[in-house]
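*Asks:* Encoded as structure tokens, here's the structure I'll be asking about.
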Amino acid sequence: MNETSTKATGFDDLIAANQRYAETEFTTGGFDGIAHAGVAIVTCMDSRIDPLRLVGLKPGDAKIFRNPGGRVTLNALEALVLGVHLLGVERVLIVPHTRCAMASSSEQELRERVGASAGQDASWQGFHVVTDQRTALAADVAAVRSHPLIPDTIKVGGFLYDVDSGLIEQLF
């Protein structure tokens, strides 16, 4: 099998942009992978969120974990445990946001919308909607604070990011 036959098409613009980035803006070569500001952020995959800049950080300062809804999932906990013990994380920010699709749609609505877009049944797909963001955030903060591999010395805060003002509000 030749290598070019397995490459997907449609990425030329992004590859060209990456080449320009590597030549003109890339500055983190040789970094050690440690969170130099001692921060980890769990937040949503929403493209309106720039997790580093919203708290005044830059590449190399923090570990970022993103998923739909900004939830503390088992994968997020795994990342946080590794961050705390191997990557210098001392503070954890959990940051869902306003106007989140995961908090403003029902599971059924998301399944219907995805099914219509996909042209097939999506009733089997889970999307783990959030019916009450504050309650979910409190539970996520508690899950991190009570995890047996995350020491009590680690500061864990729950925040809500407002996608219209750019501000975060600490709730927990």
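Identifiers in the structure tokens: chain A, B, ... in order shown; residue index from 1 per chain; ligand index from 1 in order shown.
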Could you pull out all residues of stretch 15-74 of chain A with a DSSP call of helix (DSSP H, G or I) and give them as an mmCIF file with N, CA and C atoms, in the first residue's frame?
*Replies:*
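Listing of out-v2.cif after writing:
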```cif
data_model
loop_
_atom_site.group_PDB
_atom_site.id
_atom_site.type_symbol
_atom_site.label_atom_id
_atom_site.label_comp_id
_atom_site.auth_asym_id
_atom_site.auth_seq_id
_atom_site.Cartn_x
_atom_site.Cartn_y
_atom_site.Cartn_z
ATOM 1 N N ILE A 15 -2.575 22.544 6.472
ATOM 2 C CA ILE A 15 -1.151 22.176 6.443
ATOM 3 C C ILE A 15 -0.311 23.399 6.073
ATOM 4 N N ALA A 16 -0.777 24.193 5.113
ATOM 5 C CA ALA A 16 -0.056 25.412 4.739
ATOM 6 C C ALA A 16 -0.027 26.394 5.911
ATOM 7 N N ALA A 17 -1.147 26.537 6.611
ATOM 8 C CA ALA A 17 -1.185 27.421 7.781
ATOM 9 C C ALA A 17 -0.238 26.928 8.861
ATOM 10 N N ASN A 18 -0.153 25.609 9.038
ATOM 11 C CA ASN A 18 0.770 25.050 10.022
ATOM 12 C C ASN A 18 2.212 25.358 9.647
ATOM 13 N N GLN A 19 2.530 25.272 8.385
ATOM 14 C CA GLN A 19 3.895 25.580 7.955
ATOM 15 C C GLN A 19 4.242 27.036 8.252
ATOM 16 N N ARG A 20 3.287 27.947 7.991
ATOM 17 C CA ARG A 20 3.518 29.363 8.309
ATOM 18 C C ARG A 20 3.685 29.550 9.818
ATOM 19 N N TYR A 21 2.851 28.887 10.601
ATOM 20 C CA TYR A 21 2.943 28.953 12.060
ATOM 21 C C TYR A 21 4.309 28.470 12.540
ATOM 22 N N ALA A 22 4.753 27.333 12.034
ATOM 23 C CA ALA A 22 6.037 26.763 12.458
ATOM 24 C C ALA A 22 7.197 27.691 12.108
ATOM 25 N N GLU A 23 7.078 28.382 11.010
ATOM 26 C CA GLU A 23 8.155 29.280 10.569
ATOM 27 C C GLU A 23 8.152 30.622 11.279
ATOM 28 N N THR A 24 6.970 31.118 11.692
ATOM 29 C CA THR A 24 6.900 32.494 12.190
ATOM 30 C C THR A 24 6.449 32.665 13.634
ATOM 31 N N ARG A 53 -5.940 31.992 27.216
ATOM 32 C CA ARG A 53 -6.047 33.451 27.236
ATOM 33 C C ARG A 53 -7.118 33.951 28.195
ATOM 34 N N LEU A 54 -8.176 33.166 28.425
ATOM 35 C CA LEU A 54 -9.243 33.677 29.300
ATOM 36 C C LEU A 54 -8.780 33.829 30.742
ATOM 37 N N VAL A 55 -7.669 33.208 31.115
ATOM 38 C CA VAL A 55 -7.107 33.405 32.457
ATOM 39 C C VAL A 55 -5.668 33.939 32.387
ATOM 40 N N PRO A 68 -17.338 17.847 25.343
ATOM 41 C CA PRO A 68 -18.638 18.506 25.289
ATOM 42 C C PRO A 68 -19.173 18.788 26.699
ATOM 43 N N GLY A 69 -19.457 20.044 26.971
ATOM 44 C CA GLY A 69 -19.997 20.419 28.275
ATOM 45 C C GLY A 69 -18.959 20.740 29.325
ATOM 46 N N GLY A 70 -17.692 20.463 29.055
ATOM 47 C CA GLY A 70 -16.641 20.743 30.040
ATOM 48 C C GLY A 70 -16.784 19.927 31.314
ATOM 49 N N LEU A 74 -14.397 10.350 33.350
ATOM 50 C CA LEU A 74 -13.298 9.457 33.751
ATOM 51 C C LEU A 74 -12.016 9.820 33.018
#
```
*Asks:* I want to know what sits within 8 Å of A:Val39, based on only C-alpha atoms, with residues of the same chain fewer than 5 positions away left out; could you give that as number ranges by chain?
*Replies:* A: 61-63, 88-93
*Asks:* I'd like the contact shell of A:Pro151 - 10 Å cut-off, only C-alpha atoms, skipping same-chain residues fewer than 3 positions apart - returned as a list in words.
*Replies:*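 Contacts, in chain order: Val81, Val84, His85, Glu90, Val144, Arg145, Ser146, His147, Pro148, Ile154 and Lys155 of chain A.
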*Asks:* Counting only C-alpha atoms, which of A:Thr43, A:Gln170, A:Thr73, A:Ser5 gets nearest to A:Gly157?
*Replies:*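 Counting only C-alpha atoms, the residue closest to A:Gly157 is A:Gln170.
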*Asks:* Counting only C-alpha atoms, figure out which residue out of A:Leu110, A:Leu86, A:Ile94, A:Gly119 gets nearest to A:Ile64.
*Replies:*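 The answer is A:Ile94, which sits nearest to A:Ile64.
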*Asks:* So which one's closest to A:Asp121, A:Gln133, A:Asn67, A:Gln108, A:Thr98? Using only C-alpha atoms, please.
*Replies:* A:Gln108
*Asks:* With distances taken over only C-alpha atoms, which residue among A:Thr153, A:Thr28, A:Ser106, A:Ser165 lies nearest A:His128?
*Replies:* A:Ser106
*Asks:* Check the smallest atom-to-atom distance from each of A:Asp50, A:Asp140, A:Asp12, A:Asp132 to A:Gly158 using only C-alpha atoms, then report the winner.
*Replies:*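 Selected residue with least distance to A:Gly158: A:Asp140.
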*Asks:* May I ask which of the residues A:Leu14, A:Ile34, A:Leu57, A:Val95 is the closest one to A:Asp162, counting only C-alpha atoms?
*Replies:*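 Among the listed residues, A:Val95 lies closest to A:Asp162.
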*Asks:* Extract the full set of strand (DSSP E or B) residues from stretch 47-95 of chain A according to DSSP on the backbone, and format it as number ranges by chain.
*Replies:* A: 62-67, 91-95
